[in-house]
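For reference, work.txt (compact mmCIF, N, CA and C atoms):
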# COMPACT_ATOMS: atom_id res chain seq x y z
N GLN A 1 0.83 -1.20 0.00
CA GLN A 1 0.00 0.00 0.00
C GLN A 1 0.87 1.25 0.00
N VAL A 2 0.48 2.21 -0.81
CA VAL A 2 1.13 3.51 -0.84
C VAL A 2 0.11 4.56 -0.45
N GLN A 3 0.52 5.43 0.41
CA GLN A 3 -0.33 6.56 0.76
C GLN A 3 0.31 7.84 0.23
N LEU A 4 -0.52 8.71 -0.29
CA LEU A 4 -0.07 10.00 -0.79
C LEU A 4 -0.80 11.08 -0.01
N VAL A 5 -0.03 12.01 0.53
CA VAL A 5 -0.62 13.08 1.33
C VAL A 5 -0.17 14.41 0.75
N GLU A 6 -1.15 15.18 0.26
CA GLU A 6 -0.87 16.49 -0.32
C GLU A 6 -1.00 17.57 0.74
N SER A 7 -0.27 18.66 0.52
CA SER A 7 -0.39 19.83 1.37
C SER A 7 0.03 21.05 0.58
N GLY A 8 -0.28 22.22 1.11
CA GLY A 8 0.19 23.46 0.51
C GLY A 8 -0.85 24.27 -0.23
N GLY A 9 -2.05 23.77 -0.34
CA GLY A 9 -3.08 24.54 -1.02
C GLY A 9 -3.53 25.73 -0.19
N GLY A 10 -4.37 26.56 -0.79
CA GLY A 10 -4.88 27.71 -0.06
C GLY A 10 -5.48 28.74 -0.98
N LEU A 11 -5.69 29.92 -0.44
CA LEU A 11 -6.27 31.05 -1.16
C LEU A 11 -5.17 32.05 -1.47
N VAL A 12 -5.09 32.47 -2.72
CA VAL A 12 -4.06 33.41 -3.12
C VAL A 12 -4.64 34.36 -4.16
N GLN A 13 -4.11 35.55 -4.22
CA GLN A 13 -4.55 36.51 -5.24
C GLN A 13 -3.89 36.19 -6.58
N ALA A 14 -4.54 36.61 -7.63
CA ALA A 14 -3.98 36.43 -8.96
C ALA A 14 -2.58 37.06 -9.02
N GLY A 15 -1.67 36.32 -9.66
CA GLY A 15 -0.29 36.76 -9.72
C GLY A 15 0.58 36.20 -8.61
N GLY A 16 -0.05 35.60 -7.61
CA GLY A 16 0.68 35.05 -6.48
C GLY A 16 1.22 33.67 -6.74
N SER A 17 1.79 33.08 -5.69
CA SER A 17 2.44 31.77 -5.80
C SER A 17 2.01 30.86 -4.67
N LEU A 18 2.05 29.57 -4.97
CA LEU A 18 1.84 28.54 -3.97
C LEU A 18 2.75 27.38 -4.29
N ARG A 19 3.10 26.61 -3.28
CA ARG A 19 3.89 25.41 -3.47
C ARG A 19 3.16 24.22 -2.86
N LEU A 20 2.82 23.28 -3.69
CA LEU A 20 2.16 22.06 -3.23
C LEU A 20 3.20 20.97 -2.99
N SER A 21 2.93 20.15 -2.00
CA SER A 21 3.79 19.00 -1.70
C SER A 21 2.95 17.74 -1.68
N CYS A 22 3.57 16.63 -2.03
CA CYS A 22 2.90 15.34 -1.97
C CYS A 22 3.92 14.32 -1.47
N ALA A 23 3.67 13.81 -0.29
CA ALA A 23 4.58 12.84 0.32
C ALA A 23 4.02 11.44 0.17
N ALA A 24 4.84 10.55 -0.35
CA ALA A 24 4.44 9.15 -0.53
C ALA A 24 5.04 8.30 0.58
N SER A 25 4.24 7.40 1.09
CA SER A 25 4.72 6.46 2.11
C SER A 25 4.27 5.07 1.74
N GLY A 26 4.90 4.08 2.34
CA GLY A 26 4.56 2.70 2.02
C GLY A 26 5.51 2.15 0.97
N ARG A 27 4.96 1.42 0.00
CA ARG A 27 5.77 0.77 -1.04
C ARG A 27 6.17 1.80 -2.09
N THR A 28 7.22 2.53 -1.82
CA THR A 28 7.64 3.61 -2.72
C THR A 28 8.77 3.21 -3.66
N PHE A 29 9.35 2.04 -3.47
CA PHE A 29 10.55 1.70 -4.22
C PHE A 29 10.29 1.48 -5.70
N SER A 30 9.03 1.23 -6.07
CA SER A 30 8.73 0.89 -7.45
C SER A 30 8.07 2.04 -8.23
N ILE A 31 8.12 3.24 -7.70
CA ILE A 31 7.51 4.39 -8.39
C ILE A 31 8.24 4.64 -9.70
N THR A 32 7.48 4.79 -10.78
CA THR A 32 8.08 5.15 -12.07
C THR A 32 7.83 6.60 -12.43
N ALA A 33 6.71 7.14 -11.95
CA ALA A 33 6.41 8.55 -12.20
C ALA A 33 5.39 9.04 -11.17
N MET A 34 5.40 10.34 -10.97
CA MET A 34 4.36 10.98 -10.16
C MET A 34 3.86 12.18 -10.92
N GLY A 35 2.60 12.48 -10.71
CA GLY A 35 1.99 13.57 -11.46
C GLY A 35 1.03 14.38 -10.62
N TRP A 36 0.74 15.57 -11.14
CA TRP A 36 -0.28 16.43 -10.56
C TRP A 36 -1.40 16.60 -11.58
N PHE A 37 -2.60 16.44 -11.09
CA PHE A 37 -3.79 16.68 -11.88
C PHE A 37 -4.66 17.67 -11.10
N ARG A 38 -5.63 18.26 -11.78
CA ARG A 38 -6.53 19.17 -11.08
C ARG A 38 -7.94 19.01 -11.62
N GLN A 39 -8.89 19.34 -10.75
CA GLN A 39 -10.29 19.24 -11.13
C GLN A 39 -11.03 20.46 -10.61
N ALA A 40 -11.54 21.23 -11.56
CA ALA A 40 -12.36 22.39 -11.23
C ALA A 40 -13.81 21.97 -11.15
N PRO A 41 -14.65 22.74 -10.44
CA PRO A 41 -16.07 22.38 -10.32
C PRO A 41 -16.73 22.21 -11.68
N GLY A 42 -17.41 21.10 -11.85
CA GLY A 42 -18.12 20.85 -13.09
C GLY A 42 -17.26 20.40 -14.25
N LYS A 43 -15.98 20.19 -14.00
CA LYS A 43 -15.07 19.79 -15.07
C LYS A 43 -14.40 18.46 -14.74
N GLU A 44 -13.85 17.84 -15.76
CA GLU A 44 -13.13 16.59 -15.56
C GLU A 44 -11.73 16.87 -14.99
N ARG A 45 -11.19 15.85 -14.36
CA ARG A 45 -9.83 15.97 -13.86
C ARG A 45 -8.88 16.05 -15.04
N GLU A 46 -7.94 16.99 -14.98
CA GLU A 46 -7.03 17.19 -16.10
C GLU A 46 -5.57 17.17 -15.65
N PHE A 47 -4.73 16.78 -16.58
CA PHE A 47 -3.30 16.69 -16.35
C PHE A 47 -2.71 18.10 -16.16
N VAL A 48 -1.78 18.21 -15.20
CA VAL A 48 -1.07 19.47 -14.97
C VAL A 48 0.42 19.28 -15.23
N ALA A 49 1.02 18.32 -14.54
CA ALA A 49 2.47 18.11 -14.67
C ALA A 49 2.82 16.72 -14.18
N ALA A 50 3.96 16.22 -14.67
CA ALA A 50 4.43 14.90 -14.23
C ALA A 50 5.94 14.87 -14.27
N ILE A 51 6.49 13.92 -13.50
CA ILE A 51 7.93 13.77 -13.44
C ILE A 51 8.27 12.28 -13.40
N ARG A 52 9.20 11.89 -14.22
CA ARG A 52 9.68 10.51 -14.19
C ARG A 52 10.61 10.36 -13.00
N TRP A 53 10.32 9.36 -12.17
CA TRP A 53 10.95 9.32 -10.86
C TRP A 53 12.45 9.11 -10.91
N SER A 54 12.92 8.23 -11.78
CA SER A 54 14.35 7.88 -11.76
C SER A 54 15.21 8.95 -12.42
N VAL A 55 14.76 9.46 -13.58
CA VAL A 55 15.62 10.37 -14.35
C VAL A 55 15.25 11.84 -14.16
N GLY A 56 14.05 12.08 -13.63
CA GLY A 56 13.67 13.46 -13.35
C GLY A 56 13.12 14.24 -14.53
N ASN A 57 12.88 13.59 -15.67
CA ASN A 57 12.28 14.31 -16.80
C ASN A 57 10.91 14.84 -16.41
N THR A 58 10.62 16.06 -16.86
CA THR A 58 9.36 16.70 -16.48
C THR A 58 8.50 17.01 -17.70
N TYR A 59 7.20 17.06 -17.47
CA TYR A 59 6.21 17.26 -18.52
C TYR A 59 5.10 18.16 -17.98
N TYR A 60 4.59 19.04 -18.85
CA TYR A 60 3.61 20.02 -18.41
C TYR A 60 2.47 20.16 -19.40
N ALA A 61 1.31 20.50 -18.87
CA ALA A 61 0.21 20.91 -19.73
C ALA A 61 0.55 22.28 -20.30
N ASP A 62 0.08 22.55 -21.50
CA ASP A 62 0.38 23.82 -22.15
C ASP A 62 -0.09 25.00 -21.29
N SER A 63 -1.18 24.82 -20.57
CA SER A 63 -1.77 25.92 -19.81
C SER A 63 -0.90 26.35 -18.62
N VAL A 64 0.06 25.52 -18.22
CA VAL A 64 0.87 25.88 -17.05
C VAL A 64 2.36 26.02 -17.37
N LYS A 65 2.73 25.73 -18.60
CA LYS A 65 4.15 25.83 -18.98
C LYS A 65 4.66 27.24 -18.73
N GLY A 66 5.85 27.30 -18.13
CA GLY A 66 6.46 28.59 -17.85
C GLY A 66 6.00 29.21 -16.53
N ARG A 67 4.95 28.65 -15.94
CA ARG A 67 4.45 29.17 -14.67
C ARG A 67 4.61 28.16 -13.53
N PHE A 68 4.43 26.88 -13.84
CA PHE A 68 4.50 25.83 -12.83
C PHE A 68 5.78 25.02 -13.02
N THR A 69 6.32 24.53 -11.91
CA THR A 69 7.51 23.67 -11.95
C THR A 69 7.29 22.48 -11.03
N ILE A 70 7.45 21.29 -11.59
CA ILE A 70 7.37 20.07 -10.80
C ILE A 70 8.78 19.59 -10.48
N SER A 71 8.96 19.10 -9.28
CA SER A 71 10.26 18.58 -8.87
C SER A 71 10.04 17.46 -7.87
N ARG A 72 11.11 16.74 -7.58
CA ARG A 72 10.96 15.65 -6.61
C ARG A 72 12.21 15.54 -5.75
N ASP A 73 11.98 15.04 -4.53
CA ASP A 73 13.06 14.73 -3.62
C ASP A 73 12.97 13.23 -3.38
N LYS A 74 13.85 12.48 -4.02
CA LYS A 74 13.77 11.02 -3.95
C LYS A 74 14.01 10.52 -2.54
N ALA A 75 14.88 11.19 -1.80
CA ALA A 75 15.19 10.75 -0.44
C ALA A 75 13.97 10.87 0.46
N LYS A 76 13.12 11.86 0.18
CA LYS A 76 11.92 12.08 1.00
C LYS A 76 10.67 11.50 0.36
N ASN A 77 10.83 10.90 -0.83
CA ASN A 77 9.66 10.38 -1.55
C ASN A 77 8.57 11.43 -1.67
N THR A 78 8.99 12.61 -2.04
CA THR A 78 8.07 13.76 -2.09
C THR A 78 8.19 14.44 -3.45
N VAL A 79 7.04 14.81 -3.98
CA VAL A 79 7.00 15.58 -5.22
C VAL A 79 6.39 16.94 -4.91
N TYR A 80 6.87 17.96 -5.60
CA TYR A 80 6.43 19.33 -5.36
C TYR A 80 5.87 19.93 -6.64
N LEU A 81 5.01 20.90 -6.47
CA LEU A 81 4.53 21.68 -7.59
C LEU A 81 4.60 23.15 -7.20
N GLN A 82 5.58 23.84 -7.74
CA GLN A 82 5.71 25.28 -7.51
C GLN A 82 4.85 25.99 -8.54
N MET A 83 3.91 26.77 -8.07
CA MET A 83 2.96 27.45 -8.96
C MET A 83 3.15 28.94 -8.83
N ASN A 84 3.57 29.58 -9.91
CA ASN A 84 3.79 31.02 -9.94
C ASN A 84 2.81 31.67 -10.92
N SER A 85 2.69 32.96 -10.81
CA SER A 85 1.81 33.72 -11.71
C SER A 85 0.43 33.08 -11.79
N LEU A 86 -0.12 32.76 -10.65
CA LEU A 86 -1.40 32.06 -10.62
C LEU A 86 -2.52 32.93 -11.17
N MET A 87 -3.45 32.27 -11.82
CA MET A 87 -4.59 32.93 -12.44
C MET A 87 -5.87 32.33 -11.89
N PRO A 88 -6.98 33.06 -11.94
CA PRO A 88 -8.25 32.51 -11.44
C PRO A 88 -8.60 31.17 -12.07
N GLU A 89 -8.24 30.97 -13.32
CA GLU A 89 -8.57 29.70 -13.98
C GLU A 89 -7.74 28.54 -13.46
N ASP A 90 -6.77 28.80 -12.59
CA ASP A 90 -6.02 27.71 -11.94
C ASP A 90 -6.77 27.18 -10.72
N THR A 91 -7.86 27.81 -10.35
CA THR A 91 -8.63 27.37 -9.20
C THR A 91 -9.18 25.97 -9.42
N ALA A 92 -8.86 25.07 -8.50
CA ALA A 92 -9.27 23.67 -8.62
C ALA A 92 -8.80 22.92 -7.39
N VAL A 93 -9.26 21.68 -7.29
CA VAL A 93 -8.67 20.76 -6.33
C VAL A 93 -7.51 20.06 -7.05
N TYR A 94 -6.35 20.09 -6.45
CA TYR A 94 -5.15 19.50 -7.06
C TYR A 94 -4.88 18.15 -6.41
N TYR A 95 -4.69 17.15 -7.27
CA TYR A 95 -4.45 15.78 -6.82
C TYR A 95 -3.07 15.31 -7.25
N CYS A 96 -2.44 14.61 -6.35
CA CYS A 96 -1.17 13.97 -6.65
C CYS A 96 -1.43 12.51 -6.98
N GLY A 97 -0.77 12.01 -8.02
CA GLY A 97 -0.92 10.61 -8.40
C GLY A 97 0.42 9.94 -8.54
N ARG A 98 0.41 8.64 -8.32
CA ARG A 98 1.63 7.84 -8.45
C ARG A 98 1.38 6.66 -9.33
N THR A 99 2.40 6.28 -10.11
CA THR A 99 2.30 5.06 -10.90
C THR A 99 3.54 4.21 -10.72
N THR A 100 3.33 2.91 -10.76
CA THR A 100 4.44 1.95 -10.74
C THR A 100 4.52 1.22 -12.08
N ARG A 101 3.69 1.63 -13.00
CA ARG A 101 3.64 0.97 -14.30
C ARG A 101 4.80 1.42 -15.17
N ALA A 102 5.26 0.55 -16.00
CA ALA A 102 6.33 0.90 -16.94
C ALA A 102 5.80 1.92 -17.94
N ILE A 103 6.58 2.93 -18.19
CA ILE A 103 6.16 3.98 -19.13
C ILE A 103 6.66 3.55 -20.51
N VAL A 104 5.88 2.69 -21.13
CA VAL A 104 6.28 2.13 -22.43
C VAL A 104 6.04 3.10 -23.56
N GLU A 105 5.19 4.08 -23.30
CA GLU A 105 4.90 5.12 -24.29
C GLU A 105 4.73 6.43 -23.54
N LEU A 106 5.44 7.45 -23.98
CA LEU A 106 5.44 8.71 -23.25
C LEU A 106 4.03 9.28 -23.06
N ALA A 107 3.18 9.11 -24.04
CA ALA A 107 1.83 9.67 -23.98
C ALA A 107 1.06 9.17 -22.76
N LEU A 108 1.45 8.02 -22.24
CA LEU A 108 0.74 7.44 -21.10
C LEU A 108 0.87 8.30 -19.86
N ILE A 109 1.95 9.02 -19.74
CA ILE A 109 2.21 9.78 -18.52
C ILE A 109 1.23 10.93 -18.35
N PHE A 110 0.53 11.28 -19.41
CA PHE A 110 -0.44 12.37 -19.35
C PHE A 110 -1.85 11.87 -19.01
N ARG A 111 -2.02 10.57 -18.92
CA ARG A 111 -3.35 9.99 -18.77
C ARG A 111 -3.65 9.60 -17.33
N ILE A 112 -4.86 9.94 -16.88
CA ILE A 112 -5.28 9.59 -15.52
C ILE A 112 -5.17 8.09 -15.28
N GLN A 113 -5.51 7.30 -16.28
CA GLN A 113 -5.55 5.85 -16.11
C GLN A 113 -4.18 5.25 -15.82
N MET A 114 -3.13 6.00 -16.08
CA MET A 114 -1.77 5.51 -15.85
C MET A 114 -1.45 5.43 -14.36
N TYR A 115 -2.14 6.22 -13.55
CA TYR A 115 -1.81 6.38 -12.14
C TYR A 115 -2.67 5.46 -11.28
N ASP A 116 -2.03 4.78 -10.33
CA ASP A 116 -2.75 3.77 -9.56
C ASP A 116 -2.95 4.12 -8.10
N SER A 117 -2.41 5.24 -7.67
CA SER A 117 -2.67 5.72 -6.31
C SER A 117 -2.85 7.23 -6.36
N TRP A 118 -3.75 7.72 -5.52
CA TRP A 118 -4.05 9.15 -5.52
C TRP A 118 -4.10 9.68 -4.09
N GLY A 119 -3.74 10.94 -3.96
CA GLY A 119 -3.93 11.62 -2.69
C GLY A 119 -5.35 12.10 -2.53
N GLN A 120 -5.61 12.74 -1.41
CA GLN A 120 -6.97 13.18 -1.10
C GLN A 120 -7.32 14.52 -1.77
N GLY A 121 -6.33 15.20 -2.29
CA GLY A 121 -6.57 16.47 -2.96
C GLY A 121 -6.36 17.65 -2.04
N THR A 122 -5.96 18.77 -2.62
CA THR A 122 -5.80 20.01 -1.86
C THR A 122 -6.37 21.15 -2.69
N GLN A 123 -7.15 21.99 -2.05
CA GLN A 123 -7.85 23.07 -2.75
C GLN A 123 -6.92 24.25 -2.99
N VAL A 124 -6.93 24.71 -4.23
CA VAL A 124 -6.23 25.94 -4.60
C VAL A 124 -7.27 26.90 -5.14
N THR A 125 -7.36 28.08 -4.54
CA THR A 125 -8.30 29.09 -4.96
C THR A 125 -7.54 30.37 -5.27
N VAL A 126 -7.72 30.87 -6.50
CA VAL A 126 -7.05 32.08 -6.93
C VAL A 126 -8.11 33.16 -7.15
N SER A 127 -8.01 34.23 -6.40
CA SER A 127 -8.98 35.31 -6.52
C SER A 127 -8.48 36.37 -7.49
N SER A 128 -9.44 36.99 -8.16
CA SER A 128 -9.06 38.00 -9.17
C SER A 128 -8.96 39.39 -8.55

Could you render the structure as structure tokens?
Amino acid sequence: QVQLVESGGGLVQAGGSLRLSCAASGRTFSITAMGWFRQAPGKEREFVAAIRWSVGNTYYADSVKGRFTISRDKAKNTVYLQMNSLMPEDTAVYYCGRTTRAIVELALIFRIQMYDSWGQGTQVTVSS
């Protein structure tokens, strides 16, 4: 069993910054990638960013490129999402996901179905 615990959400004004954290515990030795997704009210959960655990390659949704940065601390089994220049449309519940599946095709890392464990989510609200 792996548990993922997110933290760092909150209320911020447009243009501000937040840093989300996601700590993994349990069977962490087989992680191949971790990702951040978000879900706004009335919308489907969407990909935000992901990082390949061993090599550290990062991937971003077009909507957050240049503003968000994903990183990981392997020793702490923790992934971070630094969010800068936040906009009201970034308002959502942010979820951390983990996968132990082999990334046989890069496109898989952007898909919700690739991830087999999820955190409880953390609310990010950006006011205009």

Exercise for review: Using only C-alpha atoms, determine which residues lie at most 8 Å from segment 32-47 of chain A, disregarding the query and same-chain residues fewer than 2 positions distant; provide the list as a ChimeraX atom specification.
Suggested key: /A:30,49-54,60-61,79,81,91-103,109-112,115

Review point. Distance atom CA of Ser7 of chain A-atom CA of Gln123 of chain A, one decimal place?
Key: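 Taking atom CA of Ser7 of chain A and atom CA of Gln123 of chain A, their separation equals 9.1 Å.
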
Coordinates of box centre and edge lengths for segment 12-30 of chain A, 5 Å on every side, axis-aligned, as lines of an AutoDock Vina configuration file:
center_x = 2.7
center_y = 18.9
center_z = -3.7
size_x = 25.6
size_y = 46.3
size_z = 22.1

Exercise for review: Can you pull out every residue within 8 Å of Thr125 of chain A, counting only C-alpha atoms, but drop anything in the same chain fewer than 2 positions away, and send it as a PyMOL selection string?
Suggested key: chain A and resi 9-12+88+90-92+123+127

Review point. At what distance in Å, to one decimal, does atom CA of Asp116 of chain A lie from atom CA of Leu86 of chain A?
Key: 28.3 Å

Practice item. Could you jot down the atom CA of Met114 of chain A to atom CA of Asn84 of chain A separation for me, Å, one decimal place? Key: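 Between atom CA of Met114 of chain A and atom CA of Asn84 of chain A the gap works out to 26.8 Å.
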
Exercise for review: Just the strand (DSSP E or B) stuff from segment 13-118 of chain A, please, per backbone DSSP, written as a PyMOL selection string.
Suggested key: chain A and resi 13+18-26+33-39+46-52+58-60+68-73+78-83+92-99+117-118

Check your understanding: A:Thr69, A:Thr122, A:Ser128, A:Ser85: which is nearest Gly8 of chain A, counting only N, CA and C atoms?
Key ->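 So, comparing all the options, the nearest one is A:Thr122.
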
Output segment 21-32 of chain A as a PDB file, in the coordinates of the input, making sure all heavy atoms are there.
ATOM      1  N   SER A  21       2.930  20.150  -2.000  1.00  0.00           N
ATOM      2  CA  SER A  21       3.790  19.000  -1.700  1.00  0.00           C
ATOM      3  C   SER A  21       2.950  17.740  -1.680  1.00  0.00           C
ATOM      4  O   SER A  21       1.765  17.778  -1.332  1.00  0.00           O
ATOM      5  CB  SER A  21       4.475  19.166  -0.339  1.00  0.00           C
ATOM      6  OG  SER A  21       5.283  20.307  -0.297  1.00  0.00           O
ATOM      7  N   CYS A  22       3.570  16.630  -2.030  1.00  0.00           N
ATOM      8  CA  CYS A  22       2.900  15.340  -1.970  1.00  0.00           C
ATOM      9  C   CYS A  22       3.920  14.320  -1.470  1.00  0.00           C
ATOM     10  O   CYS A  22       4.896  14.024  -2.168  1.00  0.00           O
ATOM     11  CB  CYS A  22       2.374  14.940  -3.340  1.00  0.00           C
ATOM     12  SG  CYS A  22       1.684  13.268  -3.402  1.00  0.00           S
ATOM     13  N   ALA A  23       3.670  13.810  -0.290  1.00  0.00           N
ATOM     14  CA  ALA A  23       4.580  12.840   0.320  1.00  0.00           C
ATOM     15  C   ALA A  23       4.020  11.440   0.170  1.00  0.00           C
ATOM     16  O   ALA A  23       2.861  11.189   0.510  1.00  0.00           O
ATOM     17  CB  ALA A  23       4.782  13.171   1.793  1.00  0.00           C
ATOM     18  N   ALA A  24       4.840  10.550  -0.350  1.00  0.00           N
ATOM     19  CA  ALA A  24       4.440   9.150  -0.530  1.00  0.00           C
ATOM     20  C   ALA A  24       5.040   8.300   0.580  1.00  0.00           C
ATOM     21  O   ALA A  24       6.202   8.462   0.948  1.00  0.00           O
ATOM     22  CB  ALA A  24       4.910   8.641  -1.888  1.00  0.00           C
ATOM     23  N   SER A  25       4.240   7.400   1.090  1.00  0.00           N
ATOM     24  CA  SER A  25       4.720   6.460   2.110  1.00  0.00           C
ATOM     25  C   SER A  25       4.270   5.070   1.740  1.00  0.00           C
ATOM     26  O   SER A  25       3.381   4.876   0.917  1.00  0.00           O
ATOM     27  CB  SER A  25       4.183   6.848   3.491  1.00  0.00           C
ATOM     28  OG  SER A  25       2.776   6.801   3.501  1.00  0.00           O
ATOM     29  N   GLY A  26       4.900   4.080   2.340  1.00  0.00           N
ATOM     30  CA  GLY A  26       4.560   2.700   2.020  1.00  0.00           C
ATOM     31  C   GLY A  26       5.510   2.150   0.970  1.00  0.00           C
ATOM     32  O   GLY A  26       6.703   2.399   1.010  1.00  0.00           O
ATOM     33  N   ARG A  27       4.960   1.420   0.000  1.00  0.00           N
ATOM     34  CA  ARG A  27       5.770   0.770  -1.040  1.00  0.00           C
ATOM     35  C   ARG A  27       6.170   1.800  -2.090  1.00  0.00           C
ATOM     36  O   ARG A  27       5.546   1.914  -3.133  1.00  0.00           O
ATOM     37  CB  ARG A  27       4.990  -0.367  -1.666  1.00  0.00           C
ATOM     38  CG  ARG A  27       4.732  -1.528  -0.722  1.00  0.00           C
ATOM     39  CD  ARG A  27       3.757  -2.525  -1.328  1.00  0.00           C
ATOM     40  NE  ARG A  27       4.212  -3.056  -2.594  1.00  0.00           N
ATOM     41  CZ  ARG A  27       4.973  -4.123  -2.741  1.00  0.00           C
ATOM     42  NH1 ARG A  27       5.407  -4.767  -1.667  1.00  0.00           N
ATOM     43  NH2 ARG A  27       5.311  -4.553  -3.944  1.00  0.00           N
ATOM     44  N   THR A  28       7.220   2.530  -1.820  1.00  0.00           N
ATOM     45  CA  THR A  28       7.640   3.610  -2.720  1.00  0.00           C
ATOM     46  C   THR A  28       8.770   3.210  -3.660  1.00  0.00           C
ATOM     47  O   THR A  28       9.109   3.961  -4.566  1.00  0.00           O
ATOM     48  CB  THR A  28       8.070   4.838  -1.918  1.00  0.00           C
ATOM     49  OG1 THR A  28       9.157   4.459  -1.059  1.00  0.00           O
ATOM     50  CG2 THR A  28       6.930   5.375  -1.072  1.00  0.00           C
ATOM     51  N   PHE A  29       9.350   2.040  -3.470  1.00  0.00           N
ATOM     52  CA  PHE A  29      10.550   1.700  -4.220  1.00  0.00           C
ATOM     53  C   PHE A  29      10.290   1.480  -5.700  1.00  0.00           C
ATOM     54  O   PHE A  29      11.193   1.526  -6.515  1.00  0.00           O
ATOM     55  CB  PHE A  29      11.203   0.445  -3.629  1.00  0.00           C
ATOM     56  CG  PHE A  29      10.310  -0.767  -3.640  1.00  0.00           C
ATOM     57  CD1 PHE A  29      10.272  -1.615  -4.740  1.00  0.00           C
ATOM     58  CD2 PHE A  29       9.501  -1.046  -2.553  1.00  0.00           C
ATOM     59  CE1 PHE A  29       9.441  -2.728  -4.746  1.00  0.00           C
ATOM     60  CE2 PHE A  29       8.676  -2.150  -2.542  1.00  0.00           C
ATOM     61  CZ  PHE A  29       8.646  -2.991  -3.651  1.00  0.00           C
ATOM     62  N   SER A  30       9.030   1.230  -6.070  1.00  0.00           N
ATOM     63  CA  SER A  30       8.730   0.890  -7.450  1.00  0.00           C
ATOM     64  C   SER A  30       8.070   2.040  -8.230  1.00  0.00           C
ATOM     65  O   SER A  30       7.569   1.823  -9.322  1.00  0.00           O
ATOM     66  CB  SER A  30       7.822  -0.332  -7.496  1.00  0.00           C
ATOM     67  OG  SER A  30       6.664  -0.102  -6.729  1.00  0.00           O
ATOM     68  N   ILE A  31       8.120   3.240  -7.700  1.00  0.00           N
ATOM     69  CA  ILE A  31       7.510   4.390  -8.390  1.00  0.00           C
ATOM     70  C   ILE A  31       8.240   4.640  -9.700  1.00  0.00           C
ATOM     71  O   ILE A  31       9.467   4.707  -9.736  1.00  0.00           O
ATOM     72  CB  ILE A  31       7.545   5.644  -7.515  1.00  0.00           C
ATOM     73  CG1 ILE A  31       6.672   5.462  -6.271  1.00  0.00           C
ATOM     74  CG2 ILE A  31       7.066   6.858  -8.315  1.00  0.00           C
ATOM     75  CD1 ILE A  31       6.761   6.623  -5.293  1.00  0.00           C
ATOM     76  N   THR A  32       7.480   4.790 -10.780  1.00  0.00           N
ATOM     77  CA  THR A  32       8.080   5.150 -12.070  1.00  0.00           C
ATOM     78  C   THR A  32       7.830   6.600 -12.430  1.00  0.00           C
ATOM     79  O   THR A  32       8.630   7.223 -13.119  1.00  0.00           O
ATOM     80  CB  THR A  32       7.550   4.258 -13.192  1.00  0.00           C
ATOM     81  OG1 THR A  32       6.115   4.318 -13.197  1.00  0.00           O
ATOM     82  CG2 THR A  32       7.996   2.806 -13.009  1.00  0.00           C
TER      83      THR A  32
END
